[in-house]
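Heads up, the thing below is written out as structure tokens.
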There are 2 protein chains.
Amino acid sequence: MTEEQISTPALVIDLATVERNLQRMQDYAGQHQLNVRPHTKTHKSVYMAGRQLAHGAAGLTVAKVGEAEEMAKAGNDILVAYPYMDPARRAALVELAKNKTVRVAVDNATALEALGDAATSAGVKVGVLVDVDTGFHRTGVQTAEQALKLAQATERFKGLRFDGLFTFPGHIKNKAMMADGQAEVSRTLREVLDLLKKSGIAAPVVSGGSTPTSYFAHHVPEYTEIRPGTYIYNDHNCLAAGWCSIEDCAARLVCTVVSDAVPGKVVLDAGSKALTSDRLGPDPEKGGHGLLPEYPGAKVVRLSEEHGEVDLAACAIRPKVGDRVHVIPNHICPCVNLFDNVYFKRADGSLELARVDARGKVS
Amino acid sequence: MTEEQISTPALVIDLATVERNLQRMQDYAGQHQLNVRPHTKTHKSVYMAGRQLAHGAAGLTVAKVGEAEEMAKAGNDILVAYPYMDPARRAALVELAKNKTVRVAVDNATALEALGDAATSAGVKVGVLVDVDTGFHRTGVQTAEQALKLAQATERFKGLRFDGLFTFPGHIKNKAMMADGQAEVSRTLREVLDLLKKSGIAAPVVSGGSTPTSYFAHHVPEYTEIRPGTYIYNDHNCLAAGWCSIEDCAARLVCTVVSDAVPGKVVLDAGSKALTSDRLGPDPEKGGHGLLPEYPGAKVVRLSEEHGEVDLAACAIRPKVGDRVHVIPNHICPCVNLFDNVYFKRADGSLELARVDARGKVS
């Protein structure tokens with residue numbers, strides 16, 4: 001199958017670019033004695049999880065238990081990087097722990113105790129990472145004392161095992177914030193680790209990182225592992241912030257021009273139900289809704305659910321009705337999640353239909 | 001099954017509210033001799049399309065051909081309100097026209113000719129509505145002369161039948177814009193209709209409307225039918241703009257509070273992969289990411305992919321970790337499209353799992 005033969009809009013993933021992206025991250029981590037535990041929410045693909053493990057990933061990360069169940073087909077060591085809470089989710093998690101190494105991030109006693117009871121009753125062992133807020137202020141305990149308390153509470157449950165700390169430095173969004181941001185992450189984690197040590201509690205795992213901070217992870221010497229997600233495909237956000245080059249963007253949405261009736265623009269057959277409404281992180285007001293690499297100056301100025309309006313005022317060359325164009329989405333993770341299937345593109349240009357295995361696993 | 005037994009996040013649709021919403025629209029249209037041709041992109045459900053027809057809808061509207069194929073299970077008369085263009089889409093459309101009444105909106109000669117050739121070859125008849133831009137400036141011919149040209153071109157194809165005009169007044173976003181906006185829509189359509197009449201071309205169908213403009217459709221006397229979509233469920237957008245009351249909001253996302261570690265907020269297990277990143281139309285900067293009807297003052301201030309952060313600073317009562325809360329999404333249409341299944345809630349409070357039949361039909 002070739003690109004010309006598929007219906008649009010369709011998401012095409014270049015496999016050679018994926019391999020380069022995976023190897024680059026693994027090389028960096030190897031140089032700094034860091035484990036890579038990729039967040040699979042980006043690709044939601046058992047095949048891609050397998051490739052990450054083949055490149056040397058130490059395990060996999062998921063957000064939801066439904067994702068964990070899918071990713072368990074690729075790997076045996078799974079971190080649910082999410083404050084799970086919910087009876088059905090807990091039951092599924094404990095079930096999974098019967099045959100797999102399962103860890104969860106926890107930031108409150110209610111969630112910890114419910115999990116501890118469930119794991120103990122089921123006769124399984126679930127690893128706990130205490131989620132520490134290092135500046136993003138989304139989840140995570142606020143003080144070293146709170147972290148210690150949760151670590152100690154963990155040890156009271158036969159079904160739980162305290163494995164260490166977890167953080168997500170999502171607040172570090174650009175290079176200007178990097179040095180100070182990473183220093184604060186390091187300082188906060190250090191404080192918790194010191195208190196744990198004083199209390200005789202070992203924390204073998206310190207899990208952190210995001211795609212933007214990944215290549216700066218060695219500035220947080222407390223980390224033992226990083227959890228980049230987007231790096232496998234990259235996107236317009238990564239490109240605009242300078243985290244990758246255009247050659248590193250593995251995913252492109254193939255679209256057809258369906259209208260040119262309104263002067264100065266064309267309409268693509270991809271709207272918010274294909275590209276999502278996620279704005280461009282580094283420039284939300286003016287960044288548009290995706291990048292058209294073949295049409296410099298073109299800007300996706302407005303999305304309806306199924307229409308993508310492209311302003312061509314600053315564009316020397318213009319696509320015609322019926323032409324196919326490529327769009328690099330602003331944020332690839334929720335975009336992938338809109339498709340039951342994507343296409344993998346091989347070196348010879350041929351395409352292979354590939355299921356997005358964990359698509360829509362919200363619970 | 002009761003709401004307490006389902007995994008979260010889950011979208012629950014109250015059937016009694018749906019029935020009221022459908023009947024209200026039908027009553028209004030009946031009073032003004034307007035056909036209702038609901039846009040099924042909101043619910044993407046064969047069952048709901050059937051309910052709309054049972055209430056008296058004259059036919060169904062879809063955006064994509066994949067949706068048309070699903071909705072053809074409920075009805076025999078389908079309008080593809082979209083400038084289709086793309087070989088696979090065209091083939092599917094012509095196939096569908098073998099057994100169903102199919103109409104498409106067209107705004108350019110390239111699309112018209114490709115469709116005309118395909119329909120003629122297949123020996124089917126496809127109805128054409130010429131898309132007229134009445135102010136939204138997304139698609140649609142710009143002048144009455146262009147509309148006439150397309151109508152005349154339609155008549156040259158044995159496989160096509162010119163049925164009239166189509167417009168989408170998406171630019172009329174609030175009540176302040178209504179009077180002038182509808183007057184301009186009327187004026188623009190009238191000009192095209194006058195020119196067609198002078199050229200001896202009948203235009204039996206004039207299709208327009210959106211949920212916001214629906215109850216003001218009688219101010220565009222040219223309309224023969226309206227195509228509201230969101231009205232079946234309504235959402236936070238409709239509520240904030242004054243198009244409906246809270247009792248008319250049929251869809252609520254049931255969420256679990258998963259974290260309260262960061263002071264002043266709680267985190268729900270629903271982020272942009274459940275609520276979408278669609279901002280609140282009437283107040284994008286401050287409107288937040290959904291309404292919590294049971295917690296006045298609570299505001300969904302930030303979404304990650306799987307986290308919804310709720311600021312409780314202005315909230316007298318606060319949900320605890322493990323509590324379930326309801327969120328009325330900003331924009332229900334793309335939200336429904338994230339779920340393989342939703343739950344229909346019956347009058348006795350029991351829930352029934354219901355497939356979102358046309359979910360993800362982007363092509």
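A note on labels: chains of the structure tokens are A, B, ... as shown, every chain counts residues from 1, and ligands are counted from 1 in their shown order.
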
Interface, chain B side, toward chain A (6 Å; only C-alpha atoms) as a JSON list (two decimals) with N, CA, C and O atoms, in the first residue's frame:
[["chain", "number", "residue", "atom", "x", "y", "z"],
["B", 7, "SER", "N", -16.86, 2.29, 35.62],
["B", 7, "SER", "CA", -15.53, 2.87, 35.72],
["B", 7, "SER", "C", -15.57, 4.32, 35.25],
["B", 7, "SER", "O", -16.34, 4.65, 34.35],
["B", 8, "THR", "N", -14.73, 5.13, 35.83],
["B", 8, "THR", "CA", -14.66, 6.53, 35.43],
["B", 8, "THR", "C", -13.34, 6.77, 34.69],
["B", 8, "THR", "O", -12.40, 6.01, 34.88],
["B", 83, "PRO", "N", -17.58, 19.41, 2.03],
["B", 83, "PRO", "CA", -17.00, 19.36, 0.69],
["B", 83, "PRO", "C", -16.13, 18.12, 0.55],
["B", 83, "PRO", "O", -14.94, 18.17, 0.78],
["B", 85, "MET", "N", -14.55, 15.45, -1.55],
["B", 85, "MET", "CA", -13.25, 15.37, -2.27],
["B", 85, "MET", "C", -12.27, 14.35, -1.70],
["B", 85, "MET", "O", -11.80, 14.51, -0.60],
["B", 88, "ALA", "N", -11.51, 7.75, -2.33],
["B", 88, "ALA", "CA", -12.15, 6.69, -1.55],
["B", 88, "ALA", "C", -13.51, 7.16, -1.03],
["B", 88, "ALA", "O", -14.50, 6.41, -1.04],
["B", 139, "THR", "N", -16.15, 27.66, 4.05],
["B", 139, "THR", "CA", -16.33, 27.12, 2.70],
["B", 139, "THR", "C", -17.47, 27.92, 2.08],
["B", 139, "THR", "O", -18.08, 28.77, 2.72],
["B", 140, "GLY", "N", -17.78, 27.60, 0.82],
["B", 140, "GLY", "CA", -18.94, 28.22, 0.19],
["B", 140, "GLY", "C", -18.58, 29.23, -0.88],
["B", 140, "GLY", "O", -17.65, 30.01, -0.72],
["B", 141, "VAL", "N", -19.35, 29.20, -1.97],
["B", 141, "VAL", "CA", -19.10, 30.16, -3.05],
["B", 141, "VAL", "C", -19.34, 31.57, -2.54],
["B", 141, "VAL", "O", -20.10, 31.80, -1.60],
["B", 258, "VAL", "N", -8.97, 11.98, 42.12],
["B", 258, "VAL", "CA", -7.84, 11.07, 42.33],
["B", 258, "VAL", "C", -6.71, 11.68, 43.16],
["B", 258, "VAL", "O", -5.82, 10.96, 43.61],
["B", 261, "ALA", "N", -3.55, 16.47, 46.76],
["B", 261, "ALA", "CA", -2.27, 16.76, 47.42],
["B", 261, "ALA", "C", -1.86, 18.23, 47.30],
["B", 261, "ALA", "O", -1.23, 18.77, 48.21],
["B", 262, "VAL", "N", -2.18, 18.85, 46.21],
["B", 262, "VAL", "CA", -1.79, 20.26, 46.02],
["B", 262, "VAL", "C", -2.87, 21.15, 46.63],
["B", 262, "VAL", "O", -4.05, 21.03, 46.27],
["B", 277, "SER", "N", -9.57, 19.51, 24.39],
["B", 277, "SER", "CA", -8.99, 20.81, 24.74],
["B", 277, "SER", "C", -9.85, 21.96, 24.24],
["B", 277, "SER", "O", -9.41, 23.12, 24.28],
["B", 278, "ASP", "N", -11.03, 21.68, 23.76],
["B", 278, "ASP", "CA", -11.89, 22.76, 23.26],
["B", 278, "ASP", "C", -12.17, 23.76, 24.39],
["B", 278, "ASP", "O", -12.67, 23.37, 25.46],
["B", 363, "SER", "N", -12.84, 9.86, 7.87],
["B", 363, "SER", "CA", -12.70, 9.94, 6.41],
["B", 363, "SER", "C", -14.01, 9.63, 5.68],
["B", 363, "SER", "O", -15.04, 9.53, 6.29]]

### Contacts of Val94 (chain B) within 9 Å, only C-alpha atoms, excl. fewer than 6 positions in-chain, as a list in words
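Near neighbours after the sequence-gap exclusion: Val102, Leu115, Ala118, Ala119, Ala122, Gly123, Val124, Lys125 and Val126 of chain B.
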
Can you write out the residues you just picked, keeping all heavy atoms, as a compact mmCIF listing (two decimals), in the first residue's frame?
# COMPACT_ATOMS: atom_id res chain seq x y z
N VAL B 102 -29.01 10.48 -1.27
CA VAL B 102 -27.77 11.09 -0.80
C VAL B 102 -27.63 12.47 -1.42
O VAL B 102 -27.78 12.62 -2.63
CB VAL B 102 -26.55 10.21 -1.17
CG1 VAL B 102 -25.24 10.92 -0.83
CG2 VAL B 102 -26.62 8.86 -0.46
N LEU B 115 -17.30 14.18 -8.71
CA LEU B 115 -18.49 13.50 -8.20
C LEU B 115 -19.45 13.16 -9.35
O LEU B 115 -20.01 12.06 -9.39
CB LEU B 115 -19.20 14.39 -7.17
CG LEU B 115 -20.47 13.82 -6.57
CD1 LEU B 115 -20.16 12.60 -5.71
CD2 LEU B 115 -21.18 14.88 -5.72
N ALA B 118 -18.22 10.14 -11.24
CA ALA B 118 -18.36 8.91 -10.45
C ALA B 118 -19.82 8.47 -10.38
O ALA B 118 -20.13 7.29 -10.58
CB ALA B 118 -17.80 9.13 -9.04
N ALA B 119 -20.72 9.43 -10.11
CA ALA B 119 -22.14 9.08 -9.98
C ALA B 119 -22.70 8.61 -11.32
O ALA B 119 -23.46 7.64 -11.38
CB ALA B 119 -22.91 10.29 -9.46
N ALA B 122 -21.55 5.11 -12.13
CA ALA B 122 -22.19 4.10 -11.28
C ALA B 122 -23.68 3.98 -11.56
O ALA B 122 -24.34 3.09 -11.02
CB ALA B 122 -21.95 4.45 -9.82
N GLY B 123 -24.21 4.89 -12.36
CA GLY B 123 -25.63 4.85 -12.67
C GLY B 123 -26.52 5.24 -11.50
O GLY B 123 -27.66 4.80 -11.40
N VAL B 124 -25.98 6.07 -10.62
CA VAL B 124 -26.79 6.54 -9.48
C VAL B 124 -27.06 8.04 -9.64
O VAL B 124 -26.49 8.70 -10.52
CB VAL B 124 -26.09 6.30 -8.13
CG1 VAL B 124 -25.82 4.81 -7.92
CG2 VAL B 124 -24.79 7.11 -8.01
N LYS B 125 -27.92 8.55 -8.77
CA LYS B 125 -28.23 9.97 -8.77
C LYS B 125 -27.86 10.53 -7.40
O LYS B 125 -28.33 10.04 -6.37
CB LYS B 125 -29.74 10.11 -9.00
CG LYS B 125 -30.20 11.44 -9.51
CD LYS B 125 -29.84 11.68 -10.97
CE LYS B 125 -30.99 12.26 -11.77
NZ LYS B 125 -30.60 12.54 -13.17
N VAL B 126 -27.01 11.54 -7.39
CA VAL B 126 -26.63 12.20 -6.14
C VAL B 126 -27.15 13.64 -6.19
O VAL B 126 -26.95 14.33 -7.19
CB VAL B 126 -25.09 12.18 -5.94
CG1 VAL B 126 -24.69 13.02 -4.72
CG2 VAL B 126 -24.57 10.76 -5.81

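With only C-alpha atoms taken into account, the protein and nucleic acid residues at most 9 Å from Ile317 (chain B) (excluding it and anything under 5 positions from it in its own chain) are Tyr295, Pro296 and Leu312 of chain B.
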
Using N, CA, C and O atoms, can you export the residues from the last selection as a tab-separated table (two decimals), in the first residue's frame?
chain	number	residue	atom	x	y	z
B	295	TYR	N	-20.77	21.69	42.26
B	295	TYR	CA	-19.79	22.46	43.04
B	295	TYR	C	-19.67	23.89	42.52
B	295	TYR	O	-18.71	24.22	41.82
B	296	PRO	N	-20.65	24.72	42.86
B	296	PRO	CA	-20.61	26.10	42.36
B	296	PRO	C	-19.30	26.78	42.77
B	296	PRO	O	-18.87	26.65	43.91
B	312	LEU	N	-10.49	25.02	43.68
B	312	LEU	CA	-11.62	25.05	44.61
B	312	LEU	C	-11.61	26.31	45.48
B	312	LEU	O	-12.38	26.40	46.44

### Message
If you run DSSP on the backbone here, which positions in region 145-311 of chain B get strand (DSSP E or B)? Please write them as number ranges by chain.
### Response
B: 160-166, 205-208, 225-226, 251-259, 265-268, 291, 299-303, 308-311
